[in-house]
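For reference, work-v9.txt (compact mmCIF, C-alpha atoms):
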# COMPACT_ATOMS: atom_id res chain seq x y z
CA MET A 1478 72.25 85.83 97.64
CA VAL A 1479 74.03 87.69 94.86
CA ASP A 1480 75.86 85.74 92.15
CA ILE A 1481 78.89 87.87 91.31
CA HIS A 1482 80.26 85.26 88.90
CA THR A 1483 77.54 85.59 86.28
CA VAL A 1484 78.93 87.05 83.05
CA TRP A 1485 75.96 88.69 81.30
CA PRO A 1486 76.02 91.90 83.42
CA TYR A 1487 79.44 92.80 82.01
CA PHE A 1488 78.04 92.94 78.49
CA ALA A 1489 74.81 94.52 79.72
CA ILE A 1490 76.83 97.40 81.22
CA LEU A 1491 78.67 97.94 77.93
CA LEU A 1492 75.50 97.82 75.82
CA ALA A 1493 73.53 100.06 78.18
CA CYS A 1494 76.28 102.68 78.21
CA LEU A 1495 76.66 102.48 74.43
CA GLY A 1496 72.92 103.03 74.08
CA LEU A 1497 73.05 106.02 76.41
CA ALA A 1498 76.05 107.53 74.61
CA ALA A 1499 74.22 107.19 71.29
CA LEU A 1500 71.58 109.70 72.42
CA PRO A 1501 71.71 113.22 70.94
CA ALA A 1502 72.39 114.66 74.41
CA PHE A 1503 75.87 113.11 74.25
CA ARG A 1504 76.91 114.97 71.11
CA GLY A 1505 78.80 117.26 73.45
CA ALA A 1506 81.41 114.51 73.71
CA ASP A 1507 81.96 114.40 69.93
CA ALA A 1508 85.42 115.39 68.78
CA ALA A 1509 85.75 118.44 66.61
CA GLY A 1510 86.76 116.15 63.76
CA GLY A 1511 88.94 113.17 63.02
CA SER A 1512 92.57 113.79 62.22
CA GLY A 1513 92.59 111.31 59.38
CA ARG A 1514 95.25 109.19 61.07
CA ARG A 1515 94.95 105.45 61.01
CA THR A 1516 95.36 105.43 64.77
CA ASP A 1517 92.06 107.32 65.06
CA THR A 1518 90.56 103.84 65.63
CA LEU A 1519 92.00 104.03 69.14
CA ASP A 1520 89.50 106.81 69.85
CA GLY A 1521 86.80 104.16 70.07
CA LEU A 1522 88.60 101.78 72.46
CA ARG A 1523 89.18 103.63 75.73
CA GLY A 1524 85.53 103.76 76.78
CA PHE A 1525 85.23 99.98 76.71
CA LEU A 1526 88.38 99.70 78.82
CA ALA A 1527 87.16 102.18 81.43
CA LEU A 1528 83.80 100.42 81.72
CA GLY A 1529 85.60 97.08 82.04
CA VAL A 1530 87.39 98.44 85.11
CA PHE A 1531 84.08 99.74 86.49
CA ALA A 1532 82.50 96.29 86.15
CA VAL A 1533 85.14 94.64 88.32
CA HIS A 1534 84.91 97.40 90.90
CA ALA A 1535 81.16 96.82 91.10
CA VAL A 1536 81.96 93.24 92.11
CA VAL A 1537 84.70 94.29 94.53
CA HIS A 1538 82.26 96.81 96.00
CA TYR A 1539 79.81 93.97 96.70
CA ASP A 1540 82.39 92.19 98.88
CA TYR A 1541 83.21 95.53 100.51
CA LEU A 1542 79.56 96.09 101.45
CA LEU A 1543 79.50 92.70 103.17
CA SER A 1544 82.92 92.62 104.83
CA GLY A 1545 84.01 96.26 105.07
CA VAL A 1546 87.31 95.28 103.42
CA TRP A 1547 88.29 96.44 99.92
CA LYS A 1548 90.09 93.45 98.43
CA PRO A 1549 90.33 91.47 95.16
CA SER A 1550 87.19 89.54 94.32
CA SER A 1551 86.86 85.84 93.61
CA ALA A 1552 84.97 86.61 90.38
CA ARG A 1553 87.66 85.55 87.90
CA PHE A 1554 85.91 86.77 84.76
CA TYR A 1555 85.70 90.32 86.07
CA ASN A 1556 89.24 90.23 87.47
CA VAL A 1557 90.63 89.18 84.09
CA ALA A 1558 88.54 91.81 82.29
CA ALA A 1559 90.01 94.49 84.58
CA VAL A 1560 93.59 93.23 84.17
CA ILE A 1561 93.26 93.28 80.38
CA SER A 1562 91.65 96.72 80.44
CA VAL A 1563 94.41 98.24 82.60
CA ALA A 1564 97.13 96.52 80.54
CA LEU A 1565 95.71 97.97 77.33
CA PHE A 1566 95.50 101.41 78.95
CA PHE A 1567 99.24 101.18 79.69
CA MET A 1568 99.96 99.92 76.19
CA LEU A 1569 98.07 102.86 74.73
CA THR A 1570 100.15 105.22 76.87
CA GLY A 1571 103.39 103.60 75.68
CA PHE A 1572 102.22 103.70 72.07
CA LEU A 1573 101.00 107.29 72.03
CA PHE A 1574 104.01 108.89 73.72
CA TRP A 1575 106.62 106.80 71.96
CA ASN A 1576 104.85 107.78 68.74
CA LYS A 1577 105.25 111.45 69.73
CA LEU A 1578 109.00 110.93 70.15
CA LEU A 1579 109.24 109.12 66.82
CA LYS A 1580 107.43 111.90 64.97
CA ALA A 1581 109.65 114.52 66.60
CA GLY A 1582 112.84 112.60 65.90
CA GLY A 1583 113.44 112.23 69.63
CA ARG A 1584 113.38 116.00 70.14
CA PRO A 1585 109.82 116.98 71.06
CA ASP A 1586 108.89 120.21 72.78
CA TRP A 1587 109.38 118.83 76.28
CA LYS A 1588 107.88 121.85 77.99
CA ALA A 1589 104.72 121.57 75.87
CA LEU A 1590 104.54 117.81 76.49
CA TYR A 1591 104.66 118.10 80.26
CA ILE A 1592 102.39 121.13 80.42
CA GLY A 1593 99.93 119.18 78.28
CA ARG A 1594 100.05 116.24 80.66
CA VAL A 1595 99.49 118.40 83.74
CA PHE A 1596 96.51 120.20 82.22
CA ARG A 1597 95.11 116.99 80.70
CA LEU A 1598 95.30 114.85 83.82
CA GLY A 1599 95.25 117.47 86.56
CA PRO A 1600 91.85 119.22 86.55
CA MET A 1601 89.71 116.08 86.70
CA TYR A 1602 92.08 114.45 89.16
CA VAL A 1603 91.92 117.44 91.51
CA ALA A 1604 88.12 117.51 91.18
CA VAL A 1605 87.63 113.87 92.20
CA VAL A 1606 90.23 114.02 94.98
CA ALA A 1607 88.70 117.22 96.37
CA THR A 1608 85.33 115.44 96.40
CA MET A 1609 86.92 112.48 98.15
CA ILE A 1610 88.41 114.80 100.79
CA ALA A 1611 84.99 116.34 101.35
CA ILE A 1612 83.48 112.87 101.84
CA VAL A 1613 86.23 111.98 104.31
CA ALA A 1614 85.52 115.20 106.22
CA TYR A 1615 81.82 114.30 106.36
CA ARG A 1616 82.46 110.73 107.48
CA THR A 1617 84.84 111.89 110.21
CA GLY A 1618 82.27 114.33 111.55
CA PHE A 1619 84.16 117.43 110.41
CA GLN A 1620 86.52 116.93 113.35
CA TRP A 1621 90.31 116.75 113.55
CA ARG A 1622 91.16 113.16 114.46
CA GLN A 1623 94.84 113.85 113.86
CA PRO A 1624 96.95 117.02 114.15
CA PRO A 1625 95.70 119.61 111.62
CA LEU A 1626 99.08 120.04 109.92
CA GLN A 1627 99.36 116.29 109.50
CA VAL A 1628 95.90 116.09 107.92
CA ILE A 1629 96.67 119.01 105.61
CA GLY A 1630 99.88 117.27 104.54
CA GLN A 1631 97.93 114.09 103.81
CA ALA A 1632 95.40 116.00 101.71
CA LEU A 1633 98.16 117.77 99.77
CA ALA A 1634 99.83 114.41 99.08
CA TRP A 1635 96.56 113.21 97.55
CA LEU A 1636 96.25 116.39 95.48
CA ALA A 1637 99.71 115.95 93.91
CA LEU A 1638 98.20 114.67 90.63
CA GLY A 1639 99.14 111.07 91.39
CA ILE A 1640 102.87 111.81 91.11
CA LEU A 1641 103.58 110.67 94.68
CA PRO A 1642 103.41 107.04 95.86
CA PRO A 1643 100.05 105.94 97.35
CA PRO A 1644 99.23 108.69 99.88
CA PRO A 1645 98.19 107.92 103.45
CA ALA A 1646 94.68 107.83 104.83
CA ILE A 1647 93.33 111.30 105.53
CA ASN A 1648 92.48 112.25 109.12
CA GLY A 1649 92.79 108.65 110.24
CA TYR A 1650 89.98 107.48 107.93
CA ALA A 1651 91.23 104.06 106.85
CA ASP A 1652 88.95 103.76 103.81
CA THR A 1653 90.11 106.99 102.17
CA GLY A 1654 91.33 105.29 98.98
CA THR A 1655 88.26 103.10 98.57
CA ILE A 1656 86.12 106.19 97.97
CA LEU A 1657 87.84 106.39 94.57
CA ALA A 1658 87.88 102.58 94.16
CA GLY A 1659 91.68 102.66 94.39
CA VAL A 1660 92.10 103.71 90.75
CA THR A 1661 94.72 106.43 91.26
CA TRP A 1662 97.64 103.97 91.52
CA THR A 1663 97.93 103.82 87.72
CA LEU A 1664 98.73 107.53 87.52
CA LEU A 1665 101.94 107.09 89.50
CA PHE A 1666 103.09 104.44 87.04
CA GLU A 1667 102.21 106.71 84.10
CA TRP A 1668 104.06 109.69 85.58
CA LEU A 1669 107.17 107.55 86.06
CA PHE A 1670 106.95 106.67 82.38
CA TYR A 1671 106.53 110.31 81.34
CA PHE A 1672 109.56 111.36 83.43
CA SER A 1673 111.67 108.61 81.82
CA LEU A 1674 110.93 109.74 78.26
CA PRO A 1675 113.88 112.17 77.93
CA LEU A 1676 116.24 109.25 78.61
CA TRP A 1677 114.52 106.90 76.17
CA ALA A 1678 114.46 109.66 73.53
CA LEU A 1679 118.21 109.09 73.10
CA PHE A 1680 117.46 105.80 71.36
CA VAL A 1681 115.07 107.53 68.99
CA ARG A 1682 117.62 110.19 68.08
CA ARG A 1683 120.18 107.48 67.33
CA GLY A 1684 117.75 105.51 65.16
CA ARG A 1685 117.64 102.59 67.61
CA HIS A 1686 113.99 102.92 68.60
CA LEU A 1687 112.90 99.54 67.24
CA ALA A 1688 115.81 97.65 68.77
CA PHE A 1689 115.35 99.43 72.09
CA SER A 1690 111.59 98.82 72.42
CA ALA A 1691 111.94 95.19 71.32
CA GLY A 1692 114.87 94.76 73.72
CA VAL A 1693 112.88 96.07 76.69
CA VAL A 1694 110.02 93.69 75.90
CA ALA A 1695 112.45 90.77 75.58
CA ALA A 1696 114.22 91.69 78.83
CA CYS A 1697 110.90 91.85 80.67
CA LEU A 1698 109.88 88.46 79.33
CA LEU A 1699 113.18 87.00 80.55
CA VAL A 1700 112.58 88.45 84.02
CA ILE A 1701 109.07 86.98 84.00
CA LEU A 1702 110.51 83.61 82.92
CA ALA A 1703 113.04 83.66 85.76
CA GLY A 1704 110.54 84.91 88.33
CA THR A 1705 107.93 82.25 87.57
CA TRP A 1706 110.31 79.35 86.95
CA ASN A 1707 109.49 77.73 90.30
CA GLY A 1708 105.74 78.28 90.07
CA GLY A 1709 103.21 81.06 89.81
CA PHE A 1710 100.67 82.75 92.03
CA VAL A 1711 98.67 80.43 94.27
CA PRO A 1712 95.41 81.77 95.79
CA GLY A 1713 95.79 82.42 99.51
CA VAL A 1714 99.58 82.01 99.48
CA LYS A 1715 101.86 85.02 99.96
CA PRO A 1716 103.82 85.49 96.70
CA ARG A 1717 107.59 85.14 96.68
CA PRO A 1718 109.68 88.30 95.99
CA ALA A 1719 110.58 86.83 92.59
CA LEU A 1720 106.90 86.78 91.64
CA LEU A 1721 106.48 90.41 92.63
CA LEU A 1722 109.46 91.22 90.42
CA ALA A 1723 107.72 89.34 87.60
CA VAL A 1724 104.62 91.50 88.09
CA LEU A 1725 106.73 94.67 87.88
CA ALA A 1726 108.30 93.31 84.70
CA GLU A 1727 104.81 92.66 83.33
CA LEU A 1728 103.79 96.26 84.01
CA ILE A 1729 106.90 97.60 82.29
CA ALA A 1730 106.32 95.17 79.42
CA THR A 1731 102.86 96.62 78.80
CA LEU A 1732 104.33 100.09 78.24
CA ALA A 1733 107.19 98.68 76.19
CA THR A 1734 104.78 96.64 74.06
CA GLY A 1735 102.93 99.83 73.17
CA MET A 1736 106.29 101.41 72.30
CA LEU A 1737 107.18 98.44 70.12
CA VAL A 1738 103.89 98.73 68.26
CA ALA A 1739 104.62 102.42 67.60
CA SER A 1740 108.10 101.53 66.29
CA LEU A 1741 106.69 98.84 64.00
CA LEU A 1742 104.14 101.27 62.60
CA HIS A 1743 106.84 103.92 62.19
CA GLU A 1744 108.65 101.43 59.97
CA ARG A 1745 105.38 100.99 58.02
CA ILE A 1746 105.20 97.27 58.82
CA GLY A 1747 101.49 97.43 59.62
CA GLU A 1748 100.87 99.24 56.36
CA ARG A 1749 102.78 96.62 54.37
CA LEU A 1750 100.73 93.85 55.99
CA ARG A 1751 97.52 95.80 55.23
CA LEU A 1752 96.29 95.22 58.76
CA HIS A 1753 93.68 97.95 58.34
CA GLU A 1754 91.62 95.60 56.16
CA ALA A 1755 88.49 94.28 57.86
CA ARG A 1756 89.57 90.62 57.69
CA TRP A 1757 92.40 91.30 60.14
CA GLY A 1758 89.85 92.29 62.75
CA ALA A 1759 89.32 88.57 63.30
CA LEU A 1760 93.01 88.23 64.25
CA ALA A 1761 92.69 91.04 66.77
CA LEU A 1762 89.62 89.46 68.36
CA LEU A 1763 91.31 86.06 68.41
CA ALA A 1764 94.38 87.52 70.12
CA ILE A 1765 92.40 89.18 72.90
CA ALA A 1766 90.21 86.08 73.29
CA LEU A 1767 93.32 83.91 73.71
CA ALA A 1768 94.75 86.35 76.27
CA PHE A 1769 91.47 86.21 78.15
CA ALA A 1770 91.31 82.40 77.96
CA ALA A 1771 94.92 82.02 79.14
CA MET A 1772 94.25 84.11 82.24
CA LEU A 1773 90.78 82.73 82.91
CA GLY A 1774 91.44 79.06 82.28
CA ALA A 1775 94.32 78.60 84.68
CA ARG A 1776 93.72 78.12 88.38
CA ASP A 1777 97.12 79.59 89.19
CA VAL A 1778 98.59 82.44 87.17
CA GLY A 1779 102.08 81.32 86.22
CA MET A 1780 104.73 81.35 83.54
CA LEU A 1781 102.56 80.53 80.53
CA GLN A 1782 99.97 83.19 81.28
CA LEU A 1783 102.44 85.97 82.06
CA LEU A 1784 104.65 85.22 79.04
CA ALA A 1785 101.72 85.08 76.60
CA PHE A 1786 99.88 88.11 77.97
CA CYS A 1787 101.79 91.01 76.38
CA PRO A 1788 102.45 89.36 72.98
CA LEU A 1789 98.75 88.56 72.58
CA LEU A 1790 97.53 91.98 73.67
CA GLY A 1791 100.30 93.56 71.62
CA THR A 1792 98.97 91.76 68.54
CA PHE A 1793 95.51 93.09 69.29
CA LEU A 1794 96.85 96.63 69.65
CA PHE A 1795 99.06 96.37 66.55
CA VAL A 1796 96.05 95.54 64.39
CA LEU A 1797 94.00 98.39 65.84
CA CYS A 1798 96.82 100.93 65.57
CA SER A 1799 97.19 99.96 61.93
CA GLY A 1800 93.74 101.41 61.29
CA ASN A 1801 91.49 98.43 61.91
CA ASP A 1802 88.18 99.42 63.55
CA LEU A 1803 87.03 95.90 64.51
CA PHE A 1804 84.30 95.65 61.88
CA GLY A 1805 83.18 99.20 62.54
CA ALA A 1806 82.66 98.88 66.31
CA LEU A 1807 85.38 101.40 67.14
CA SER A 1808 84.00 103.89 64.62
CA TRP A 1809 80.54 104.09 66.16
CA PRO A 1810 79.80 107.60 67.44
CA ALA A 1811 78.76 106.10 70.79
CA SER A 1812 82.10 104.27 71.11
CA ARG A 1813 84.01 107.46 70.40
CA ARG A 1814 81.93 109.45 72.88
CA LEU A 1815 82.52 106.94 75.66
CA SER A 1816 86.22 107.02 74.83
CA ALA A 1817 86.29 110.81 74.99
CA MET A 1818 84.81 110.58 78.48
CA SER A 1819 86.91 107.57 79.51
CA TYR A 1820 89.23 109.48 81.87
CA SER A 1821 86.25 110.81 83.81
CA ILE A 1822 84.60 107.37 83.75
CA TYR A 1823 87.79 105.82 85.11
CA LEU A 1824 88.53 108.36 87.84
CA ALA A 1825 84.97 108.95 89.05
CA GLN A 1826 83.70 105.37 89.22
CA GLY A 1827 84.30 105.09 92.95
CA LEU A 1828 82.41 108.33 93.56
CA ALA A 1829 79.51 107.01 91.46
CA LEU A 1830 79.32 103.86 93.59
CA VAL A 1831 79.43 105.94 96.78
CA ALA A 1832 76.71 108.30 95.54
CA VAL A 1833 74.31 105.63 94.24
CA PHE A 1834 74.61 103.36 97.27
CA ALA A 1835 74.11 106.33 99.60
CA ILE A 1836 70.53 106.68 98.30
CA PRO A 1837 68.17 105.35 101.00
CA GLY A 1838 67.06 101.80 100.29
CA VAL A 1839 69.46 101.19 97.39
CA LYS A 1840 71.95 99.10 99.35
CA ALA A 1841 69.26 96.84 100.81
CA TYR A 1842 67.66 96.40 97.40
CA ALA A 1843 70.97 95.66 95.67
CA LEU A 1844 71.92 93.02 98.21
CA SER A 1845 68.54 91.29 97.95
CA GLY A 1846 69.48 89.22 94.90
CA THR A 1847 71.50 88.88 91.73
CA LEU A 1848 69.12 90.72 89.41
CA PRO A 1849 68.55 93.69 91.78
CA PHE A 1850 72.30 93.97 92.35
CA TRP A 1851 73.09 94.22 88.68
CA ILE A 1852 70.14 96.50 87.96
CA VAL A 1853 71.55 98.93 90.52
CA ASN A 1854 75.05 98.69 89.10
CA ILE A 1855 73.90 99.11 85.50
CA GLY A 1856 72.05 102.19 86.70
CA CYS A 1857 75.24 103.29 88.44
CA ALA A 1858 77.20 102.88 85.20
CA LEU A 1859 74.63 104.98 83.35
CA ALA A 1860 74.77 107.67 86.03
CA LEU A 1861 78.57 107.59 85.84
CA CYS A 1862 78.48 108.13 82.06
CA ALA A 1863 75.98 110.98 82.40
CA ALA A 1864 78.12 112.67 85.04
CA SER A 1865 81.24 112.05 82.95
CA LEU A 1866 79.70 113.95 80.06
CA LEU A 1867 79.42 116.99 82.33
CA THR A 1868 82.91 116.64 83.80
CA TYR A 1869 84.38 116.12 80.35
CA ARG A 1870 82.70 119.27 79.00
CA TYR A 1871 83.23 121.52 82.01
CA ILE A 1872 86.42 120.21 83.64
CA GLU A 1873 88.49 118.19 81.19
CA GLU A 1874 87.97 120.23 78.02
CA PRO A 1875 88.60 123.62 79.70
CA GLY A 1876 91.75 122.15 81.23
CA ILE A 1877 92.98 120.92 77.86
CA ARG A 1878 92.31 124.32 76.29
CA ALA A 1879 94.08 126.10 79.15
CA GLY A 1880 97.14 123.91 78.66
CA LYS A 1881 97.21 124.66 74.94
CA ARG A 1882 96.88 128.41 75.55
CA LEU A 1883 99.75 128.35 78.05
CA THR A 1884 101.92 126.37 75.65
CA GLU A 1885 101.15 128.77 72.80
CA ARG A 1886 101.99 131.79 74.95
CA LEU A 1887 105.30 130.27 76.03
CA ARG A 1888 106.11 129.32 72.45
CA ALA A 1889 105.25 132.82 71.22
CA ARG A 1890 107.43 134.37 73.92
CA ARG A 1891 110.29 132.05 73.01
CA ASP A 1892 109.95 132.89 69.31
CA ALA A 1893 109.91 136.60 70.13
CA VAL A 1894 113.06 136.36 72.25
CA ALA A 1895 115.03 134.18 69.79
CA PRO A 1896 115.67 136.95 67.16
CA LEU A 1897 116.84 139.31 69.92
CA ALA A 1898 119.31 136.72 71.18
CA VAL A 1899 120.63 136.19 67.66
CA ALA A 1900 120.99 139.94 67.14
CA ALA A 1901 122.85 140.30 70.42
CA ASP A 1902 125.26 137.54 69.46
CA SER A 1903 125.94 139.13 66.09

Rendering of file as structure tokens:
Amino acid sequence: MVDIHTVWPYFAILLACLGLAALPAFRGADAAGGSGRRTDTLDGLRGFLALGVFAVHAVVHYDYLLSGVWKPSSARFYNVAAVISVALFFMLTGFLFWNKLLKAGGRPDWKALYIGRVFRLGPMYVAVVATMIAIVAYRTGFQWRQPPLQVIGQALAWLALGILPPPPAINGYADTGTILAGVTWTLLFEWLFYFSLPLWALFVRRGRHLAFSAGVVAACLLVILAGTWNGGFVPGVKPRPALLLAVLAELIATLATGMLVASLLHERIGERLRLHEARWGALALLAIALAFAAMLGARDVGMLQLLAFCPLLGTFLFVLCSGNDLFGALSWPASRRLSAMSYSIYLAQGLALVAVFAIPGVKAYALSGTLPFWIVNIGCALALCAASLLTYRYIEEPGIRAGKRLTERLRARRDAVAPLAVAADS
């Protein structure tokens, strides 16, 4: 029997991957050099978040191996760790892109921004989805189980960089999405945010960025308050529509909280409070511990947990974005390397589970007991990090460089045409 509720494997996965990333072979994931910004501390956070999501999917995968159904696990510790990790990912997205608008006065180079997003997210996404399609083809015996044009349409929907809503199963294979551990849903939410930026930029241009971001957070909290007024989520009970609305408000609040943090920093509030000083690291750790305790301690997730979640995680992020490196942990070279590879770690974790458990004898050994199960999954995490180093170097980085080259060419062409247009007008 495997105990999926034991907590030590979560920390063992983090420590093992940190140890691996500290090896000289992983210097290929080192950045060319820090920018000197206080927010460089964020470069050490993403790896921990991606591995936190992997840990919960290892537990979900255990239930999947037994039941054949990919569903939320009963392991609350891992569920909460994943929820916090995903929420912080969204907050980082809100912070980073709102910060871009603030620095550009609400008038960024939109073409460069969207080209950068496509070339940053696209190559690795296409690589993992193409691998998933190949696995589906293998598992369906390389036969058309549905009309060819329909299957091709399904595959193209999956290859649309996550912009489309959750695509259908390919060729009638019901477990298509589980091959990637279902992680691609977050990309749709991110793309919706990116596409909304031109509208929100109006508030930056009018100098209302702080009021707007704070207002969105407040509005979301009010929706959460109304949606959970008559009770929260009860295990095994279908949630009311109002609760689903509260969850949507929580997702929007995570992005808006990141935006609010960027606005506060833009007004130099973090600098005035000197949050970069080491002693404030204790406040950040306390905030995330309280967020974890609020979600973990309650049997039913309700009003208190949902209302406290974003303010507590926002406090954690505010301290970090002010330049605090959590007593040096976010400045470790290994932390920064894992963070550089975090997108690959996040997207490819399902493929790593599929590959490792396809090895003859691994599944039987993993299911033989708690220690064997976690030994296999720690090994899977290490294999995932090793593979992510390769995909980062040979898929992600070339994609980023290609996006920058395209942007530079378009900018050069625009600059060359501008004088001609002025001359024509005169």

Can you list every residue of range 1646-1697 of chain A that has an atom at most 12 Å from range 1555-1566 of chain A, with its nearest atom pair and the distance in Å to one decimal, using only C-alpha atoms, ordered by chain then number, as CSV?
residue,atom,partner,partner_atom,distance
A:Val1660,CA,A:Val1563,CA,10.1
A:Thr1661,CA,A:Val1563,CA,11.9
A:Trp1662,CA,A:Val1563,CA,11.1
A:Thr1663,CA,A:Val1563,CA,8.4
A:Leu1664,CA,A:Phe1566,CA,11.0
A:Phe1666,CA,A:Phe1566,CA,11.5
A:Glu1667,CA,A:Phe1566,CA,10.0

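Here the question is which of A:Tyr1671, A:Phe1850, A:Tyr1539, A:Phe1488 gets nearest to Leu1590 in chain A using all atoms listed in the file, and that residue is A:Tyr1671.
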
Shell around range 1695-1706 of chain A at 10 Å using all atoms listed in the file, local window under 3 positions removed, as a VMD selection string: chain A and resid 1689 to 1692 1709 to 1710 1717 to 1731 1733 to 1734 1778 to 1781 1783 to 1785 1787 to 1788

Quick one: 8 Å padding each side, axis-aligned, all listed atoms of range 1858-1874 of chain A - centre and edge lengths in Å to one decimal, as AutoDock Vina command-line options?
--center_x 81.6 --center_y 112.2 --center_z 82.0 --size_x 29.9 --size_y 34.6 --size_z 24.0

Separation of CA of Ser1819 in chain A and CA of Gly1524 in chain A, in Å?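 CA of Ser1819 in chain A sits 4.9 Å away from CA of Gly1524 in chain A.
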
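Closest approach to Arg1870 in chain A from the set A:Arg1504, A:Arg1622, A:Arg1891, A:Arg1584 is made by A:Arg1504, with distances taken over only C-alpha atoms.
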
Quick one: residues within 8 Å of (89.2, 113.4, 107.0) (file frame), counting only C-alpha atoms, please, as a ChimeraX atom specification. /A:1610-1617,1619-1622,1628,1647-1650

Just how far from CA of Gly1846 in chain A is CA of Val1479 in chain A, in Å to one decimal? 4.8 Å

Report as a list in words all protein, DNA and RNA residues lying within 8 Å of Ile1872 in chain A, evaluated on all atoms listed in the file, omitting residues in the same chain fewer than 4 positions from it. Pro1600, Met1601, Leu1867, Thr1868 and Gly1876 of chain A
